[in-house]
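S.K.: Sharing model-v1.pdb here; it has PDB, C-alpha atoms.
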```pdb
ATOM      1  CA  MET Q  13     -38.005 -35.496  60.740  1.00  0.00           C
ATOM      2  CA  LYS Q  14     -38.509 -38.592  58.653  1.00  0.00           C
ATOM      3  CA  VAL Q  15     -37.360 -42.190  58.644  1.00  0.00           C
ATOM      4  CA  GLY Q  16     -37.826 -43.427  55.121  1.00  0.00           C
ATOM      5  CA  LYS Q  17     -41.222 -42.021  54.165  1.00  0.00           C
ATOM      6  CA  ASN Q  18     -42.629 -42.070  57.730  1.00  0.00           C
ATOM      7  CA  THR Q  19     -42.884 -38.846  59.758  1.00  0.00           C
ATOM      8  CA  VAL Q  20     -41.250 -39.001  63.198  1.00  0.00           C
ATOM      9  CA  ILE Q  21     -43.630 -37.491  65.756  1.00  0.00           C
ATOM     10  CA  PHE Q  22     -41.625 -38.339  68.892  1.00  0.00           C
ATOM     11  CA  ALA Q  23     -38.194 -39.642  69.868  1.00  0.00           C
ATOM     12  CA  GLY Q  24     -36.983 -39.848  73.447  1.00  0.00           C
ATOM     13  CA  SER Q  25     -34.946 -41.834  75.957  1.00  0.00           C
ATOM     14  CA  LEU Q  26     -35.320 -42.484  79.674  1.00  0.00           C
ATOM     15  CA  LEU Q  27     -33.135 -44.167  82.279  1.00  0.00           C
ATOM     16  CA  THR Q  28     -35.369 -46.385  84.403  1.00  0.00           C
ATOM     17  CA  PRO Q  29     -34.609 -48.721  87.337  1.00  0.00           C
ATOM     18  CA  ASN Q  30     -35.678 -52.328  86.639  1.00  0.00           C
ATOM     19  CA  ASP Q  31     -38.749 -52.196  88.879  1.00  0.00           C
ATOM     20  CA  GLU Q  32     -40.074 -48.889  87.489  1.00  0.00           C
ATOM     21  CA  VAL Q  33     -42.264 -48.122  84.469  1.00  0.00           C
ATOM     22  CA  ALA Q  34     -41.062 -45.534  81.938  1.00  0.00           C
ATOM     23  CA  LEU Q  35     -43.875 -43.133  81.039  1.00  0.00           C
ATOM     24  CA  PHE Q  36     -43.381 -41.102  77.874  1.00  0.00           C
ATOM     25  CA  SER Q  37     -45.653 -38.036  77.517  1.00  0.00           C
ATOM     26  CA  ILE Q  38     -46.097 -36.866  73.946  1.00  0.00           C
ATOM     27  CA  LYS Q  39     -47.695 -33.470  73.395  1.00  0.00           C
ATOM     28  CA  ASN Q  40     -47.124 -31.881  69.999  1.00  0.00           C
ATOM     29  CA  ASP Q  41     -48.951 -31.026  66.770  1.00  0.00           C
ATOM     30  CA  PHE Q  42     -49.261 -34.734  65.928  1.00  0.00           C
ATOM     31  CA  ALA Q  43     -50.189 -36.387  69.221  1.00  0.00           C
ATOM     32  CA  ASN Q  44     -51.304 -35.842  72.791  1.00  0.00           C
ATOM     33  CA  LEU Q  45     -50.865 -39.113  74.629  1.00  0.00           C
ATOM     34  CA  GLU Q  46     -48.875 -41.077  77.164  1.00  0.00           C
ATOM     35  CA  ILE Q  47     -47.141 -44.367  76.453  1.00  0.00           C
ATOM     36  CA  ALA Q  48     -45.837 -46.664  79.171  1.00  0.00           C
ATOM     37  CA  VAL Q  49     -42.868 -48.989  78.747  1.00  0.00           C
ATOM     38  CA  LYS Q  50     -42.499 -51.719  81.354  1.00  0.00           C
ATOM     39  CA  PHE Q  51     -39.811 -54.335  81.798  1.00  0.00           C
ATOM     40  CA  SER Q  52     -40.288 -58.013  82.665  1.00  0.00           C
ATOM     41  CA  ASN Q  53     -37.688 -60.715  83.105  1.00  0.00           C
ATOM     42  CA  HIS Q  54     -38.876 -64.321  82.875  1.00  0.00           C
ATOM     43  CA  SER Q  55     -36.195 -66.696  84.106  1.00  0.00           C
ATOM     44  CA  ASN Q  56     -38.115 -69.789  82.926  1.00  0.00           C
ATOM     45  CA  ASN Q  57     -38.112 -68.554  79.301  1.00  0.00           C
ATOM     46  CA  ARG Q  58     -35.184 -66.381  78.154  1.00  0.00           C
ATOM     47  CA  GLU Q  59     -36.733 -65.496  74.770  1.00  0.00           C
ATOM     48  CA  GLN Q  60     -36.700 -61.752  74.102  1.00  0.00           C
ATOM     49  CA  ARG Q  61     -40.075 -60.471  72.978  1.00  0.00           C
ATOM     50  CA  LEU Q  62     -42.528 -57.633  73.467  1.00  0.00           C
ATOM     51  CA  LYS Q  63     -46.254 -57.188  74.013  1.00  0.00           C
ATOM     52  CA  VAL Q  64     -48.397 -54.152  73.238  1.00  0.00           C
ATOM     53  CA  ASP Q  65     -51.507 -53.681  75.364  1.00  0.00           C
ATOM     54  CA  ARG Q  66     -53.707 -51.037  76.956  1.00  0.00           C
ATOM     55  CA  ILE Q  67     -53.478 -50.881  80.745  1.00  0.00           C
ATOM     56  CA  ASP Q  68     -55.823 -48.452  82.514  1.00  0.00           C
ATOM     57  CA  GLY Q  69     -56.352 -46.694  79.174  1.00  0.00           C
ATOM     58  CA  VAL Q  70     -52.619 -46.149  78.559  1.00  0.00           C
ATOM     59  CA  PRO Q  71     -50.895 -47.825  75.597  1.00  0.00           C
ATOM     60  CA  THR Q  72     -48.237 -50.046  77.189  1.00  0.00           C
ATOM     61  CA  ILE Q  73     -45.244 -51.722  75.606  1.00  0.00           C
ATOM     62  CA  GLU Q  74     -43.923 -54.590  77.735  1.00  0.00           C
ATOM     63  CA  LEU Q  75     -40.307 -55.529  76.999  1.00  0.00           C
ATOM     64  CA  ILE Q  76     -39.793 -59.128  78.105  1.00  0.00           C
ATOM     65  CA  ASN Q  77     -36.205 -60.271  78.735  1.00  0.00           C
ATOM     66  CA  TRP Q  78     -34.786 -57.157  77.062  1.00  0.00           C
ATOM     67  CA  ASN Q  79     -31.949 -57.107  79.591  1.00  0.00           C
ATOM     68  CA  ASN Q  80     -28.850 -57.305  77.391  1.00  0.00           C
ATOM     69  CA  SER Q  81     -26.073 -54.841  78.220  1.00  0.00           C
ATOM     70  CA  LEU Q  82     -25.222 -54.610  74.507  1.00  0.00           C
ATOM     71  CA  GLY Q  83     -28.833 -53.762  73.692  1.00  0.00           C
ATOM     72  CA  THR Q  84     -32.003 -55.150  72.191  1.00  0.00           C
ATOM     73  CA  ALA Q  85     -34.174 -53.413  69.590  1.00  0.00           C
ATOM     74  CA  THR Q  86     -37.109 -53.834  67.299  1.00  0.00           C
ATOM     75  CA  THR Q  87     -35.838 -54.596  63.812  1.00  0.00           C
ATOM     76  CA  GLU Q  88     -38.700 -52.943  61.945  1.00  0.00           C
ATOM     77  CA  PRO Q  89     -41.459 -50.441  62.777  1.00  0.00           C
ATOM     78  CA  LEU Q  90     -44.363 -52.048  64.646  1.00  0.00           C
ATOM     79  CA  GLU Q  91     -47.938 -50.771  64.903  1.00  0.00           C
ATOM     80  CA  LEU Q  92     -48.894 -49.080  68.157  1.00  0.00           C
ATOM     81  CA  GLY Q  93     -52.304 -47.819  67.070  1.00  0.00           C
ATOM     82  CA  VAL Q  94     -54.276 -45.832  64.544  1.00  0.00           C
ATOM     83  CA  THR Q  95     -55.157 -42.131  64.501  1.00  0.00           C
ATOM     84  CA  LYS Q  96     -58.752 -40.903  64.289  1.00  0.00           C
ATOM     85  CA  THR Q  97     -58.175 -40.394  60.558  1.00  0.00           C
ATOM     86  CA  GLY Q  98     -57.009 -43.994  60.077  1.00  0.00           C
ATOM     87  CA  GLN Q  99     -53.266 -43.318  59.803  1.00  0.00           C
ATOM     88  CA  ARG Q 100     -51.126 -45.971  61.493  1.00  0.00           C
ATOM     89  CA  ILE Q 101     -48.876 -44.975  64.398  1.00  0.00           C
ATOM     90  CA  LEU Q 102     -45.670 -47.021  64.261  1.00  0.00           C
ATOM     91  CA  PHE Q 103     -42.897 -47.390  66.815  1.00  0.00           C
ATOM     92  CA  LEU Q 104     -39.293 -48.454  67.118  1.00  0.00           C
ATOM     93  CA  CYS Q 105     -37.844 -49.257  70.528  1.00  0.00           C
ATOM     94  CA  SER Q 106     -34.433 -50.144  71.922  1.00  0.00           C
ATOM     95  CA  ASN Q 107     -33.152 -50.945  75.393  1.00  0.00           C
ATOM     96  CA  LYS Q 108     -29.850 -51.746  77.018  1.00  0.00           C
ATOM     97  CA  THR Q 109     -29.231 -52.469  80.656  1.00  0.00           C
ATOM     98  CA  ILE Q 110     -26.520 -50.923  82.771  1.00  0.00           C
ATOM     99  CA  GLY Q 111     -26.496 -52.829  86.044  1.00  0.00           C
ATOM    100  CA  SER Q 112     -30.104 -52.614  87.236  1.00  0.00           C
ATOM    101  CA  VAL Q 113     -30.972 -49.594  85.072  1.00  0.00           C
ATOM    102  CA  ASN Q 114     -32.720 -49.704  81.693  1.00  0.00           C
ATOM    103  CA  ASP Q 115     -31.727 -47.169  79.039  1.00  0.00           C
ATOM    104  CA  VAL Q 116     -34.849 -47.218  76.856  1.00  0.00           C
ATOM    105  CA  THR Q 117     -35.412 -45.248  73.651  1.00  0.00           C
ATOM    106  CA  LEU Q 118     -38.802 -44.909  71.987  1.00  0.00           C
ATOM    107  CA  GLN Q 119     -39.523 -43.449  68.549  1.00  0.00           C
ATOM    108  CA  LEU Q 120     -43.038 -42.913  67.179  1.00  0.00           C
ATOM    109  CA  MET Q 121     -43.872 -42.350  63.519  1.00  0.00           C
ATOM    110  CA  LEU Q 122     -46.909 -41.715  61.391  1.00  0.00           C
ATOM    111  CA  GLU Q 123     -46.995 -44.108  58.472  1.00  0.00           C
ATOM    112  CA  GLU Q 124     -46.870 -42.517  55.066  1.00  0.00           C
ATOM    113  CA  ASN Q 125     -50.312 -42.132  53.562  1.00  0.00           C
ATOM    114  CA  LYS Q 126     -50.395 -44.637  50.706  1.00  0.00           C
ATOM    115  CA  ASN Q 127     -52.519 -42.218  48.629  1.00  0.00           C
ATOM    116  CA  ASP Q 128     -49.911 -39.429  48.656  1.00  0.00           C
TER     117      ASP Q 128
END
```
Could you render the structure from this file as structure tokens?

M.R.:
Amino acid sequence: MKVGKNTVIFAGSLLTPNDEVALFSIKNDFANLEIAVKFSNHSNNREQRLKVDRIDGVPTIELINWNNSLGTATTEPLELGVTKTGQRILFLCSNKTIGSVNDVTLQLMLEENKND
């Protein structure tokens, strides 16, 4: 599968209660890793944003104030990391809330090699 010139290496969705972390396990020819997605709501600042970090060795995407029932999404691929060969791993993410449940979708891609 491809999106533009990038190769999709994973696409999946999970339904997750607000106080739980979604843990995506990716095991295929392209990757063998886990990625956590956690949800935070900050009532003092309603701005929707995200942070990418490593927590206990696991790449973690924190979705802050992504609690819209119509949905929130990244508008362009963002870098999650780099492979051992230097190829960038990109992601797209979306979330919508249904009551106190998050419906989160994560898509990972390998960036096209600029030399090809």

S.K.: Determine the residue membership of the PyMOL selection byres ((chain Q and resi 122) around 10) for the file above and supply it as a ChimeraX atom specification.

M.R.: /Q:14-15,17-22,42,91,93-95,99-103,120-121,123-125

S.K.: Translate the PyMOL selection byres ((chain Q and resi 104) around 6) into a concrete residue list for this structure, as an MDAnalysis selection string.

M.R.: chainID Q and resid 86 89 103 105 119

S.K.: Need to verify the contact set: stretch 61-64 of chain Q, 12 Å, all atoms listed in the file, exclusion of same-chain residues closer than 5 positions in sequence. Can you return it as JSON, numbers by chain?

M.R.: {"Q": [47, 48, 49, 50, 51, 52, 53, 54, 70, 71, 72, 73, 74, 75, 76, 77, 78, 79, 84, 85, 86, 87, 90, 91, 92, 93, 102, 103, 104, 105, 106, 107]}

S.K.: Taking all atoms of stretch 109-122 of chain Q that appear in the file, build a box with edges along x, y and z, extend it by 5 Å on every side, and state its centre and edge lengths in Å to one decimal, as AutoDock Vina command-line options.

M.R.:
```
--center_x -36.7 --center_y -47.3 --center_z 74.3 --size_x 30.4 --size_y 21.1 --size_z 35.8
```

S.K.: In Å, rounded to a single decimal, give me how far atom CA of Q:Ile67 is from atom CA of Q:Ser25.

M.R.: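 Those two atoms sit 21.2 Å apart.
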
S.K.: Mind pulling up the distance from atom CA of Q:Asp41 to atom CA of Q:Leu27?

M.R.: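 If I compute the distance from atom CA of Q:Leu27 to atom CA of Q:Asp41, I get 25.8 Å.
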
S.K.: Just checking: using all atoms listed in the file, which residue out of Q:Leu26, Q:Ile38, Q:Val33, Q:Ala43 ends up closest to Q:Lys108?

M.R.: Q:Leu26

S.K.: Looking at all atoms listed in the file, which of Q:Arg66, Q:Lys96, Q:Lys39, Q:Arg58 is the one that sits closest to Q:Ala23?

M.R.: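 Closest residue, counting all atoms listed in the file: Q:Lys39.
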
S.K.: Nearest residue to Q:Gly111 out of Q:Asn44, Q:Asn56, Q:Ser37, Q:Asn80, using only C-alpha atoms?

M.R.: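 So, comparing all the options, the nearest one is Q:Asn80.
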
S.K.: Selection in question (the file shown): the PyMOL selection byres ((chain Q and resi 28) around 7). Which residues does it include, as a list in words?

M.R.: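 Checked against the file, the PyMOL selection byres ((chain Q and resi 28) around 7) matches Leu26, Leu27, Pro29, Asn30, Glu32, Ala34, Val113, Asn114 and Asp115 of chain Q.
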